[in-house]
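Data first, discussion second: the structure below is written as structure tokens.
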Number of protein chains: 2
Amino acid sequence: MLFGAVETGGTKIIAAVLDENRELLDSIRFSTGTPDEAVQMLADFFTEKKVCAIGIGSFGPVDINQDSENYGMVLDTPKKGWRNYPFLSELKKRIEVPMLIDTDVNCACLGEITYGAAKNLKNVIYITIGTGVGVGVCIEGETLKGMLHPEAGHILLRKHPDDEFKGICPYHSDCFEGLASGPAIAARTNTPAELISADSKIWDIEADYIAQGITNYILTYSPCKIILGGGVMEQPHLFPLIRSKVSSYMNGYINTKQMNSLDDYIVPAGLLGKQGIIGAYCLARKAFYMEEAD
Amino acid sequence: MLFGAVETGGTKIIAAVLDENRELLDSIRFSTGTPDEAVQMLADFFTEKKVCAIGIGSFGPVDINQDSENYGMVLDTPKKGWRNYPFLSELKKRIEVPMLIDTDVNCACLGEITYGAAKNLKNVIYITIGTGVGVGVCIEGETLKGMLHPEAGHILLRKHPDDEFKGICPYHSDCFEGLASGPAIAARTNTPAELISADSKIWDIEADYIAQGITNYILTYSPCKIILGGGVMEQPHLFPLIRSKVSSYMNGYINTKQMNSLDDYIVPAGLLGKQGIIGAYCLARKAFYMEEAD
């Protein structure tokens, strides 16, 4: 049995076919373009591969509420042609297999609790810090949906006293994403994040913002594991800095085994950049077995 | 059939007996004292009333994970005698009926989604602003537990530019609770909150902190309804101020029917101060029917 997994991003879309043992058999990657083109590419690829179900991790905002009549619709996006595009139902018109859709970050979190760094845990958050800041959330093993879906990359943080940068979020200027995403680092320093040396004081500021975000997520979600991914987190020197600052911000307030062992609590992704597509694969499996059960 | 409901607080404990129609038949209230005394008082009261199950809303931190061997244990509290006291198991030694325990604020949230302002909704948060700031969370109809339980009243906020008060939280000084609880208002102004006139500029500062908290909760939890309770929220003039500031902070970022109708989204508790005890009653019912199903 073969499963289809899709990750739609702002600039590119990845589609993969995996077998029951999570073996990657084939994949394609193409520019995002118009949604009609994307849907046709995906339908052609998955029809040829004879997948039995499809899971999709989508950029947001997207309607991920399975009870909604607009389930699978891309919502208020600035991306040309995609706003209010009924992505899932258009794909279903072209290929009739069970499908589920969730946000890209919720999928990554699902991948990590199923096969990655948080295997067998049920309450976990996945934070990606790259082009943007996004947070995927699993509660009792299920991705968090609610009114829309978490948008926790945009929480308000305190400005670091040495930081004069005003932030780049078009909605909130200096929210977490506005201050700490890869493009924010680049705009602040006129240097791409990956070229900044590890001893630059910019990393102290960056780690402070990430630690503030994590502190607030610990207090709100009470996660059993916190997983960090995305381009910015490929700088391994950030991890000890972040853990130390989280510890300062929390100041002993929550006394659990996890908080007393931050090296095991705040960790890199286990799926090495594949967490999104593996999460979409988990969704595909779920879609298939839900249909079987009906 | 009669159900026992308990609310344990820092200074007092309330116990009530309600019937299947949520009619209050009897209640007692006593000072918190030592945990052994409290357990004995509760056991005597409920044994005499012949309740079939008991639900408890407890002050935190408390182990609310039903799979934990310490389920129902009060954890790191400064309250004399209560630290690491196995409250639930001590009560079970004295009265053998099904019991469940959760935090006081999770109970209040459960009460509100079952019978109150968020009836029939599954993803809801309840914020109490009084002696402290606490947040109860229901996700898919279940209270949020995770590593410990939410402690979202302690999230980090931005200092209001006109506020020189340094905050009163012993752990974080100027977290949400440190800046915006009733005692913080009183310490800042040397006046009890209820005596401050509605046109004082202190309310603008207070509403700003509450709005920052709510903004971050919307972005993290994605709730379908936000319910506000506690002593400070008995000032009705705060509601429009808070809604307006939430709207400014969000700046149109999340475009849902709820965000476009904040009067229905950010609302006072529907159970008029009884949300905690009613939530404990919901837990008692759940404990009873869980045992029945076994």
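Here's how to read the names in the structure tokens: chain A, B, ... by the order shown, residue numbers from 1 in each chain, ligand numbers from 1 in the order shown.
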Chain A contacts to chain B at 8 Å (only C-alpha atoms) as a ChimeraX atom specification: /A:76,122-123,139-140,144-158,171-172,212,215-224,249-253,255-256,258
Enumerate, as a compact mmCIF listing (two decimals) with N, CA and C atoms, in the first residue's frame, the complete set of residues in range 49-178 of chain A that a backbone-based DSSP assignment places in helix (DSSP H, G or I).
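Listed below is the output, result_10.txt:
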# COMPACT_ATOMS: atom_id res chain seq x y z
N LYS A 49 0.86 6.96 -9.33
CA LYS A 49 1.49 6.13 -8.29
C LYS A 49 0.49 5.24 -7.55
N PHE A 87 -8.77 24.02 -1.75
CA PHE A 87 -7.68 23.14 -2.17
C PHE A 87 -8.05 21.66 -2.07
N LEU A 88 -8.53 21.27 -0.89
CA LEU A 88 -8.81 19.86 -0.67
C LEU A 88 -9.94 19.36 -1.58
N SER A 89 -11.00 20.14 -1.70
CA SER A 89 -12.12 19.63 -2.51
C SER A 89 -11.76 19.64 -4.00
N GLU A 90 -10.91 20.57 -4.42
CA GLU A 90 -10.47 20.54 -5.83
C GLU A 90 -9.61 19.30 -6.09
N LEU A 91 -8.77 18.96 -5.13
CA LEU A 91 -7.94 17.76 -5.30
C LEU A 91 -8.81 16.50 -5.31
N LYS A 92 -9.83 16.50 -4.45
CA LYS A 92 -10.73 15.34 -4.38
C LYS A 92 -11.51 15.14 -5.68
N LYS A 93 -11.78 16.25 -6.39
CA LYS A 93 -12.48 16.13 -7.68
C LYS A 93 -11.64 15.35 -8.68
N ARG A 94 -10.32 15.41 -8.51
CA ARG A 94 -9.42 14.81 -9.52
C ARG A 94 -8.86 13.46 -9.10
N ASP A 104 1.19 22.99 7.99
CA ASP A 104 2.53 22.43 7.83
C ASP A 104 3.19 22.18 9.19
N VAL A 105 3.04 23.10 10.13
CA VAL A 105 3.68 22.93 11.44
C VAL A 105 2.97 21.91 12.32
N ASN A 106 1.65 21.84 12.24
CA ASN A 106 0.95 20.77 12.97
C ASN A 106 1.40 19.41 12.42
N CYS A 107 1.55 19.31 11.10
CA CYS A 107 2.04 18.06 10.50
C CYS A 107 3.43 17.72 11.03
N ALA A 108 4.31 18.72 11.07
CA ALA A 108 5.68 18.47 11.54
C ALA A 108 5.64 17.95 12.98
N CYS A 109 4.77 18.52 13.79
CA CYS A 109 4.64 18.09 15.18
C CYS A 109 4.12 16.65 15.23
N LEU A 110 3.14 16.35 14.41
CA LEU A 110 2.59 15.00 14.33
C LEU A 110 3.66 14.00 13.89
N GLY A 111 4.48 14.40 12.92
CA GLY A 111 5.59 13.54 12.49
C GLY A 111 6.55 13.27 13.63
N GLU A 112 6.86 14.31 14.39
CA GLU A 112 7.82 14.16 15.48
C GLU A 112 7.29 13.31 16.63
N ILE A 113 5.97 13.38 16.91
CA ILE A 113 5.45 12.52 18.00
C ILE A 113 5.25 11.08 17.52
N THR A 114 5.17 10.90 16.22
CA THR A 114 4.94 9.54 15.70
C THR A 114 6.27 8.81 15.47
N TYR A 115 7.25 9.51 14.91
CA TYR A 115 8.49 8.83 14.55
C TYR A 115 9.75 9.58 14.99
N ALA A 152 1.00 30.75 16.90
CA ALA A 152 1.78 31.18 18.05
C ALA A 152 3.12 31.79 17.69
N GLY A 153 3.49 31.74 16.42
CA GLY A 153 4.71 32.43 15.99
C GLY A 153 4.55 33.94 16.03
N HIS A 154 3.31 34.40 16.24
CA HIS A 154 3.08 35.85 16.25
C HIS A 154 2.81 36.42 17.64
N PHE A 176 7.07 37.82 17.76
CA PHE A 176 8.13 36.81 17.71
C PHE A 176 8.67 36.67 16.27
N GLU A 177 7.78 36.42 15.33
CA GLU A 177 8.22 36.26 13.94
C GLU A 177 8.87 37.53 13.40
N GLY A 178 8.29 38.67 13.77
CA GLY A 178 8.81 39.95 13.29
C GLY A 178 10.21 40.24 13.78
Every residue of range 143-263 of chain A that DSSP places in strand (DSSP E), as JSON, numbers by chain: {"A": [143, 225, 226, 227, 228, 229]}
Per residue of range 67-174 of chain A within 12 Å of range 202-207 of chain A, note the shortest atom pair and the distance in Å to one decimal, counting only C-alpha atoms, and order the rows by chain and increasing residue number, as CSV.
residue,atom,partner,partner_atom,distance
A:Ile129,CA,A:Glu206,CA,10.5
A:Leu157,CA,A:Glu206,CA,11.9
A:Arg158,CA,A:Ile205,CA,11.2
A:Lys159,CA,A:Ile205,CA,9.3
A:His160,CA,A:Ile205,CA,6.5
A:Pro161,CA,A:Ile205,CA,9.0
A:Asp162,CA,A:Ile205,CA,7.7
A:Asp163,CA,A:Ile205,CA,7.2
A:Glu164,CA,A:Ile205,CA,10.8
A:Phe165,CA,A:Ile205,CA,10.8
Can you write just those residues out, N, CA, C and O atoms, as a PDB file, in the first residue's frame?
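Generated output (selection23.pdb):
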ATOM      1  N   ILE A 129      11.780  27.956  13.185  1.00  0.00           N
ATOM      2  CA  ILE A 129      12.276  29.323  13.067  1.00  0.00           C
ATOM      3  C   ILE A 129      13.097  29.380  11.796  1.00  0.00           C
ATOM      4  O   ILE A 129      14.200  28.828  11.725  1.00  0.00           O
ATOM      5  N   LEU A 157       6.289  39.717  22.199  1.00  0.00           N
ATOM      6  CA  LEU A 157       7.425  39.512  23.101  1.00  0.00           C
ATOM      7  C   LEU A 157       7.912  40.861  23.603  1.00  0.00           C
ATOM      8  O   LEU A 157       7.551  41.907  23.078  1.00  0.00           O
ATOM      9  N   ARG A 158       8.778  40.781  24.610  1.00  0.00           N
ATOM     10  CA  ARG A 158       9.433  41.994  25.097  1.00  0.00           C
ATOM     11  C   ARG A 158      10.642  42.303  24.231  1.00  0.00           C
ATOM     12  O   ARG A 158      11.440  41.411  23.941  1.00  0.00           O
ATOM     13  N   LYS A 159      10.792  43.544  23.895  1.00  0.00           N
ATOM     14  CA  LYS A 159      11.965  43.968  23.137  1.00  0.00           C
ATOM     15  C   LYS A 159      13.223  43.783  23.991  1.00  0.00           C
ATOM     16  O   LYS A 159      13.255  44.192  25.149  1.00  0.00           O
ATOM     17  N   HIS A 160      14.237  43.161  23.393  1.00  0.00           N
ATOM     18  CA  HIS A 160      15.549  43.051  24.062  1.00  0.00           C
ATOM     19  C   HIS A 160      16.133  44.459  24.200  1.00  0.00           C
ATOM     20  O   HIS A 160      16.101  45.238  23.245  1.00  0.00           O
ATOM     21  N   PRO A 161      16.680  44.795  25.376  1.00  0.00           N
ATOM     22  CA  PRO A 161      17.139  46.190  25.585  1.00  0.00           C
ATOM     23  C   PRO A 161      18.222  46.643  24.594  1.00  0.00           C
ATOM     24  O   PRO A 161      18.329  47.847  24.315  1.00  0.00           O
ATOM     25  N   ASP A 162      19.007  45.721  24.045  1.00  0.00           N
ATOM     26  CA  ASP A 162      20.049  46.119  23.085  1.00  0.00           C
ATOM     27  C   ASP A 162      19.589  46.067  21.637  1.00  0.00           C
ATOM     28  O   ASP A 162      20.392  46.227  20.717  1.00  0.00           O
ATOM     29  N   ASP A 163      18.311  45.806  21.424  1.00  0.00           N
ATOM     30  CA  ASP A 163      17.842  45.612  20.055  1.00  0.00           C
ATOM     31  C   ASP A 163      17.065  46.829  19.586  1.00  0.00           C
ATOM     32  O   ASP A 163      15.995  47.130  20.114  1.00  0.00           O
ATOM     33  N   GLU A 164      17.576  47.508  18.581  1.00  0.00           N
ATOM     34  CA  GLU A 164      16.862  48.681  18.073  1.00  0.00           C
ATOM     35  C   GLU A 164      16.060  48.383  16.821  1.00  0.00           C
ATOM     36  O   GLU A 164      15.414  49.261  16.261  1.00  0.00           O
ATOM     37  N   PHE A 165      16.117  47.133  16.412  1.00  0.00           N
ATOM     38  CA  PHE A 165      15.409  46.745  15.189  1.00  0.00           C
ATOM     39  C   PHE A 165      13.904  46.796  15.433  1.00  0.00           C
ATOM     40  O   PHE A 165      13.406  46.336  16.449  1.00  0.00           O
TER      41      PHE A 165
END
Residues near Leu100 in chain B, cut-off 8 Å, only C-alpha atoms, skip fewer than 5 positions along chain, as a list in words: Ile54, Gly55, Ile56, Leu283, Ala284, Lys286 and Ala287 of chain B
Writing out the chosen residues with N, CA and C atoms as a short mmCIF file (atom, residue, chain, number, x, y, z; two decimals), in the first residue's frame:
data_model
loop_
_atom_site.label_atom_id
_atom_site.label_comp_id
_atom_site.auth_asym_id
_atom_site.auth_seq_id
_atom_site.Cartn_x
_atom_site.Cartn_y
_atom_site.Cartn_z
N ILE B 54 -17.32 12.30 43.57
CA ILE B 54 -16.80 13.62 43.99
C ILE B 54 -15.88 14.18 42.91
N GLY B 55 -16.06 15.47 42.63
CA GLY B 55 -15.16 16.19 41.74
C GLY B 55 -14.48 17.30 42.52
N ILE B 56 -13.20 17.50 42.25
CA ILE B 56 -12.44 18.49 43.02
C ILE B 56 -11.71 19.45 42.09
N LEU B 283 -17.05 17.29 36.95
CA LEU B 283 -16.03 16.26 37.16
C LEU B 283 -16.60 15.08 37.95
N ALA B 284 -17.41 15.39 38.96
CA ALA B 284 -18.02 14.32 39.77
C ALA B 284 -18.91 13.45 38.89
N LYS B 286 -18.62 13.03 35.72
CA LYS B 286 -17.74 12.29 34.82
C LYS B 286 -17.12 11.09 35.55
N ALA B 287 -16.70 11.32 36.79
CA ALA B 287 -16.11 10.24 37.59
C ALA B 287 -17.12 9.11 37.75
#
Selection near Gly167 in chain A, 7 Å with only C-alpha atoms, sequence-local residues under 4 positions removed, as a list in words: Ser173, Asp174, Gly178, Leu179 and Ala184 of chain A
All residues 12 Å or closer to Pro236 in chain B, only C-alpha atoms, same chain fewer than 3 positions away omitted, as an mmCIF file with N, CA and C atoms, in the first residue's frame:
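Contents of the output file out-v3.cif:
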data_model
loop_
_atom_site.group_PDB
_atom_site.id
_atom_site.type_symbol
_atom_site.label_atom_id
_atom_site.label_comp_id
_atom_site.auth_asym_id
_atom_site.auth_seq_id
_atom_site.Cartn_x
_atom_site.Cartn_y
_atom_site.Cartn_z
ATOM 1 N N GLU B 194 -11.481 47.588 43.860
ATOM 2 C CA GLU B 194 -12.916 47.891 43.792
ATOM 3 C C GLU B 194 -13.247 49.332 44.197
ATOM 4 N N ALA B 198 -13.937 54.376 37.868
ATOM 5 C CA ALA B 198 -13.904 53.790 36.532
ATOM 6 C C ALA B 198 -13.125 54.649 35.541
ATOM 7 N N TRP B 203 -7.049 51.826 34.792
ATOM 8 C CA TRP B 203 -7.821 50.816 34.051
ATOM 9 C C TRP B 203 -7.323 50.655 32.622
ATOM 10 N N ALA B 207 -6.286 47.113 31.428
ATOM 11 C CA ALA B 207 -6.891 46.545 30.209
ATOM 12 C C ALA B 207 -5.804 46.206 29.186
ATOM 13 N N LEU B 228 -14.027 35.555 30.866
ATOM 14 C CA LEU B 228 -13.289 36.261 31.911
ATOM 15 C C LEU B 228 -14.063 36.246 33.211
ATOM 16 N N GLY B 229 -13.378 35.876 34.286
ATOM 17 C CA GLY B 229 -13.995 35.895 35.606
ATOM 18 C C GLY B 229 -13.017 36.422 36.634
ATOM 19 N N GLY B 230 -13.392 36.318 37.912
ATOM 20 C CA GLY B 230 -12.531 36.800 38.995
ATOM 21 C C GLY B 230 -12.921 38.203 39.416
ATOM 22 N N GLY B 231 -12.458 38.576 40.605
ATOM 23 C CA GLY B 231 -12.854 39.840 41.215
ATOM 24 C C GLY B 231 -12.613 41.066 40.352
ATOM 25 N N VAL B 232 -11.451 41.143 39.732
ATOM 26 C CA VAL B 232 -11.132 42.341 38.931
ATOM 27 C C VAL B 232 -12.120 42.511 37.780
ATOM 28 N N MET B 233 -12.580 41.394 37.225
ATOM 29 C CA MET B 233 -13.478 41.471 36.064
ATOM 30 C C MET B 233 -14.913 41.817 36.451
ATOM 31 N N PHE B 239 -14.491 45.472 30.007
ATOM 32 C CA PHE B 239 -14.711 44.637 28.809
ATOM 33 C C PHE B 239 -14.529 45.389 27.484
ATOM 34 N N PRO B 240 -15.223 46.523 27.285
ATOM 35 C CA PRO B 240 -15.017 47.211 25.996
ATOM 36 C C PRO B 240 -13.573 47.673 25.785
ATOM 37 N N LEU B 241 -12.929 48.116 26.866
ATOM 38 C CA LEU B 241 -11.517 48.528 26.769
ATOM 39 C C LEU B 241 -10.639 47.365 26.306
ATOM 40 N N ILE B 242 -10.843 46.214 26.927
ATOM 41 C CA ILE B 242 -10.041 45.031 26.593
ATOM 42 C C ILE B 242 -10.267 44.624 25.137
ATOM 43 N N VAL B 267 -16.062 37.354 26.719
ATOM 44 C CA VAL B 267 -17.304 37.547 27.478
ATOM 45 C C VAL B 267 -17.127 37.229 28.964
ATOM 46 N N PRO B 268 -18.029 37.747 29.792
ATOM 47 C CA PRO B 268 -17.976 37.384 31.218
ATOM 48 C C PRO B 268 -18.454 35.941 31.431
ATOM 49 N N ALA B 269 -18.087 35.378 32.567
ATOM 50 C CA ALA B 269 -18.532 34.025 32.911
ATOM 51 C C ALA B 269 -20.054 33.982 32.945
#
Atom pair CA of Leu272 in chain B / CA of Ser58 in chain B: separation (Å):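 Computing the Euclidean distance for CA of Leu272 in chain B and CA of Ser58 in chain B yields 19.1 Å.
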